[in-house]
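Enquirer: Quick one: structure below, then a few questions.
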Amino acid sequence: MSEVINANPTILDDSLLPTRESVHPKAGEDRLNPKIDALLSLSLSNEFGSSVSPNTPPSLTDDEDDEENDPIDSQEIFDLIAHISDPEHPLTLGQLAVINLPDIKVIDSGDANKMAEVIIKITPTITHCSLATLIGLGIRVRLERSLPPRFRITILVKEGTHQSENQVNKQLNDKERVAAACENDQLLSVISKMLSTCK
Amino acid sequence: MTVEIQLIKNVPAHNDKVWSISIHKTLPLLATVSSDKVCKIFNLKTFELISDLDNTHKRSIRSVSWKPTNDFGPSLACGSFDSTISVWGTDDDEWSLLAVIEGHENEVKCVDWSSNGDLLASCSRDKSIWIWEADDHNEEFECISVLQEHTQDVKHVVWHPSLDLLASSSYDDSIRLWKEDDDDWLCAAELKGHKGTVWCSDFEASEEKLRLVSCSDDCTVKIWENQPDDYDENVWRLQSELPISHSRAIYSVSWSSNSGRIASVGSDGKLVIYEEVQSNIWNIIATKELSHGVYEVNTVKWFISEDKEFLITGGDDGSIKIWNV
């Protein structure tokens with residue numbers, strides 16, 4: 001890229017970004033969350049409750065079922081995409097606050113046989129950023145590769161942060177255009193570079 | 001009245017998204033195309049694979065259409081994201097590539113043959129629609145018109161089942177109707193009303209009325225009718241909006257030439273059937289949730305065999321499903 005579009009972006013410290021990577025439930029860790037998670041998953045599993053009904057005898061596959069029924073939350077989505085590199089800065093989308101945890105919405109029962117949804121609003125660093133589409137495409141490719149097929153992914157530019165908001169939104173959520181873009185080798189190599197910093 | 005939608009056959013046809021299917025007008029042949037760059041031909045009675053048409057397109061095949069006439073055996077056209085159209089035919093058992101048509105600047109999104117098989121229409125992300133005249137042997141294709149009035153990608157083209165009237169659907173949210181006028185093709189009408197990309201449209205097969213159904217990213221299915229007045233025969237009006245059922249983009253719609261019912265499918269995986277209970281009043285008579293599991297459904301077509309109606313769908317799971325209604 002010959003000309004930098006935003007030469008002086010605001011940068012957040014990577015270590016201060018929200019993350020769950022360090023707080024995985026480990027033995028000896030002072031953490032209440034596993035219990036809360038367990039409670040939450042119980043209340044969520046009510047509607048597909050046949051697998052947890054008291055009449056069902058415990059089986060060897062129980063553990064597997066639990067794992068399948070573990071819903072994905074916005075923190076997990078954030079962890080998947082925050083480390084994508086910006087196409088023009090040696091920084092990640094998390095550091096540049098293009099992606100922010102409160103702007104990720106997830107609707108997921110955890111059931112592999114039900115549809116789920118993730119809606120992400122991105123904040124381009126400047127309002128005329130021509131790279132917004134590329135960033136959005138990078139996020140979509142990352143999520144399509146990592147998430148189970150039940151997910152429908154919607155990527156939007158946050159209201160008021162881009163002058164051609166509607167145009168970018170329409171393009172990013174057009175299945176056919178995205179599919180065609182993903183067959184473009186040049187574009188794919190740029191995206192692979194952006195995704196190479198993902199953990 | 002409600003009816004039941006019953007799965008009667010699941011054919012795991014492709015390794016990737018099924019984008020489009022085509023059912024032959026007179027022979028029991030089904031063609032399916034996919035992101036896996038292969039066009040498959042199945043026997044519609046046994047669902048046996050007859051042939052793989054491959055090693056031709058470099059990118060996804062987006063669209064397939066059988067030529068309705070078979071003076072020299074059955075033949076079909078495939079439109080691909082690699083910007084070309086391939087035409088295939090068979091005399092006995094061997095299927096062979098008859099022609100590769102070039103002209104579009106980028107992704108070809110749809111191809112469709114006119115009812116008498118004389119014309120092939122194609123459309124592309126390059127915003128244009130090309131009308132090609134074919135010879136009987138499908139070896140020579142001459143472009144007779146390039147229509148460039150859409151302001152964005154043209155997603156879909158479909159010919160009327162008996163007239164030389166073409167409908168095109170676009171990313172510019174509009175539908176246009178095209179007719180031949182003094183050796184030239186002209187836009188006869190522009191239908192505006194959808195609030196998102198129009199993905200597909202289909203004509204009613206009727207002698208008395210001229211109607212078109214369309215479906216869109218805006219989650220609606222609309223019916224448009226030609227209502228000519230004393231001054232203008234090309235007046236089209238929005239006639240009705242079908243009851244809302246889909247919660248995400250609707251990718252495909254099909255109007256049965258047999259029962260007059262309409263079917264729609266889309267991103268939410270639902271298969272919905274509508275029936276006209278009184279003139280211009282439509283009800284949903286059947287819904288199948290998760291028709292391809294959690295995958296999106298890209299295409300639906302009615303198929304009539306021995307006076308019975310079936311539906312065929314194709315989805316992102318690579319499978320083709322046949323439904324009894």
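All residue names refer to the structure tokens as shown: chains lettered A, B, ... in order, residues numbered from 1 in each chain, ligands numbered from 1 in order.
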Would you tabulate, counting only C-alpha atoms, all residues of chain B that have an atom at most 7 Å from an atom of chain A, showing the closest pair of atoms and their distance in Å to one decimal, sorted by chain then ascending number, as JSON lines?

Expert:
```
{"residue": "B:Arg59", "atom": "CA", "partner": "A:Glu183", "partner_atom": "CA", "distance": 6.9}
{"residue": "B:Phe81", "atom": "CA", "partner": "A:Ala180", "partner_atom": "CA", "distance": 6.5}
{"residue": "B:Gly293", "atom": "CA", "partner": "A:Asn113", "partner_atom": "CA", "distance": 6.8}
{"residue": "B:Val294", "atom": "CA", "partner": "A:Arg150", "partner_atom": "CA", "distance": 4.9}
{"residue": "B:Tyr295", "atom": "CA", "partner": "A:Pro149", "partner_atom": "CA", "distance": 6.7}
```

Enquirer: Go ahead and write the selection's residues with N, CA and C atoms as a PDB file, in the first residue's frame.

Expert:
```pdb
ATOM      1  N   ARG B  59     -13.885 -21.354 -11.687  1.00  0.00           N
ATOM      2  CA  ARG B  59     -14.489 -20.907 -10.426  1.00  0.00           C
ATOM      3  C   ARG B  59     -15.885 -21.516 -10.295  1.00  0.00           C
ATOM      4  N   PHE B  81     -18.667 -17.999 -12.144  1.00  0.00           N
ATOM      5  CA  PHE B  81     -17.962 -16.829 -11.610  1.00  0.00           C
ATOM      6  C   PHE B  81     -16.679 -16.547 -12.403  1.00  0.00           C
ATOM      7  N   GLY B 293     -31.151 -28.672   7.164  1.00  0.00           N
ATOM      8  CA  GLY B 293     -30.469 -28.563   8.453  1.00  0.00           C
ATOM      9  C   GLY B 293     -30.205 -27.101   8.760  1.00  0.00           C
ATOM     10  N   VAL B 294     -29.028 -26.812   9.296  1.00  0.00           N
ATOM     11  CA  VAL B 294     -28.729 -25.425   9.651  1.00  0.00           C
ATOM     12  C   VAL B 294     -28.146 -24.642   8.472  1.00  0.00           C
ATOM     13  N   TYR B 295     -28.177 -25.245   7.292  1.00  0.00           N
ATOM     14  CA  TYR B 295     -27.569 -24.601   6.122  1.00  0.00           C
ATOM     15  C   TYR B 295     -28.567 -23.721   5.359  1.00  0.00           C
TER      16      TYR B 295
END
```

Enquirer: Set the distance at 9 Å and use only C-alpha atoms: which residues neighbour Thr26 of chain B once local chain neighbours fewer than 3 positions away are removed? I'd like the list as a ChimeraX atom specification.

Expert: /B:23,29,68-69

Enquirer: Report, in Å with one decimal, the straight-line distance from atom CA of Ala77 of chain B to atom CA of Asp317 of chain B.

Expert: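 Calculated distance between atom CA of Ala77 of chain B and atom CA of Asp317 of chain B is 23.4 Å.
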
Enquirer: From a DSSP pass on the backbone, collect the residues of segment 120-193 of chain A flagged as helix (DSSP H, G or I) and hand them back as a ChimeraX atom specification.

Expert: /A:132-146,165-172,175-181,185-193

Enquirer: Contacts of segment 192-195 of chain A at 7 Å or less, counting only C-alpha atoms, minus same-chain residues fewer than 4 places along, as a list in words?

Expert: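 Near neighbours after the sequence-gap exclusion: Ile84, Ser85, Asp86, Pro87 and Leu188 of chain A.
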
Enquirer: Please produce a file of the residues just selected, as a PDB file, in the first residue's frame, where the atoms kept are C-alpha atoms.

Expert:
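Listing of part-v4.pdb after writing:
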```
ATOM      1  CA  ILE A  84      -6.742  -9.885  12.780  1.00  0.00           C
ATOM      2  CA  SER A  85      -4.219  -7.370  11.443  1.00  0.00           C
ATOM      3  CA  ASP A  86      -5.262  -4.089   9.976  1.00  0.00           C
ATOM      4  CA  PRO A  87      -4.481  -4.093   6.221  1.00  0.00           C
ATOM      5  CA  LEU A 188      -7.384 -14.029  -0.598  1.00  0.00           C
TER       6      LEU A 188
END
```

Enquirer: Residues at most 12 Å from Leu91 of chain A, counting only C-alpha atoms, excluding those fewer than 6 positions away in the same chain, as JSON, numbers by chain?

Expert: {"A": [8, 9, 10, 11, 12, 13, 14, 82, 83, 84, 85, 97, 98, 194, 195, 197, 198]}

Enquirer: Env of Ser254 of chain B: 6 Å cut, atoms = only C-alpha atoms, seq-sep filter 5 positions within chain, self excluded. Answer as a list in words.

Expert: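 The contact residues come out as Asp202, Ile262, Ala263 and Lys301 of chain B.
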
Enquirer: What would the file look like if the residues just selected were written as a PDB file, in the first residue's frame with N, CA and C atoms?

Expert:
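Output file selection_19.pdb follows:
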```pdb
ATOM      1  N   ASP B 202     -39.949 -15.186 -10.984  1.00  0.00           N
ATOM      2  CA  ASP B 202     -40.479 -16.261 -11.824  1.00  0.00           C
ATOM      3  C   ASP B 202     -41.856 -15.854 -12.365  1.00  0.00           C
ATOM      4  N   ILE B 262     -46.845 -21.093  -5.115  1.00  0.00           N
ATOM      5  CA  ILE B 262     -45.515 -20.484  -5.138  1.00  0.00           C
ATOM      6  C   ILE B 262     -44.705 -21.064  -3.985  1.00  0.00           C
ATOM      7  N   ALA B 263     -43.422 -21.335  -4.223  1.00  0.00           N
ATOM      8  CA  ALA B 263     -42.528 -21.807  -3.167  1.00  0.00           C
ATOM      9  C   ALA B 263     -41.351 -20.856  -3.045  1.00  0.00           C
ATOM     10  N   LYS B 301     -37.258 -25.361  -7.039  1.00  0.00           N
ATOM     11  CA  LYS B 301     -37.974 -25.484  -8.316  1.00  0.00           C
ATOM     12  C   LYS B 301     -39.116 -26.471  -8.169  1.00  0.00           C
TER      13      LYS B 301
END
```

Enquirer: Set the distance at 7 Å and use only C-alpha atoms: which residues neighbour Lys37 of chain B once local chain neighbours fewer than 4 positions away are removed? I'd like the list as a list in words.

Expert: Asp54, His57, Lys58, Arg59, Ser60 and Ile61 of chain B

Enquirer: One decimal, Å: what's the distance from atom CA of Trp159 of chain B over to atom CA of Glu180 of chain B, could you say?

Expert: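 We find that atom CA of Trp159 of chain B and atom CA of Glu180 of chain B lie 12.5 Å from each other.
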
Enquirer: If we count only C-alpha atoms and set the cut-off at 8 Å, which residues sit around Asn283 of chain B, ignoring sequence neighbours fewer than 6 positions away in its own chain? Please answer as number ranges by chain.

Expert: B: 242-243, 274-277
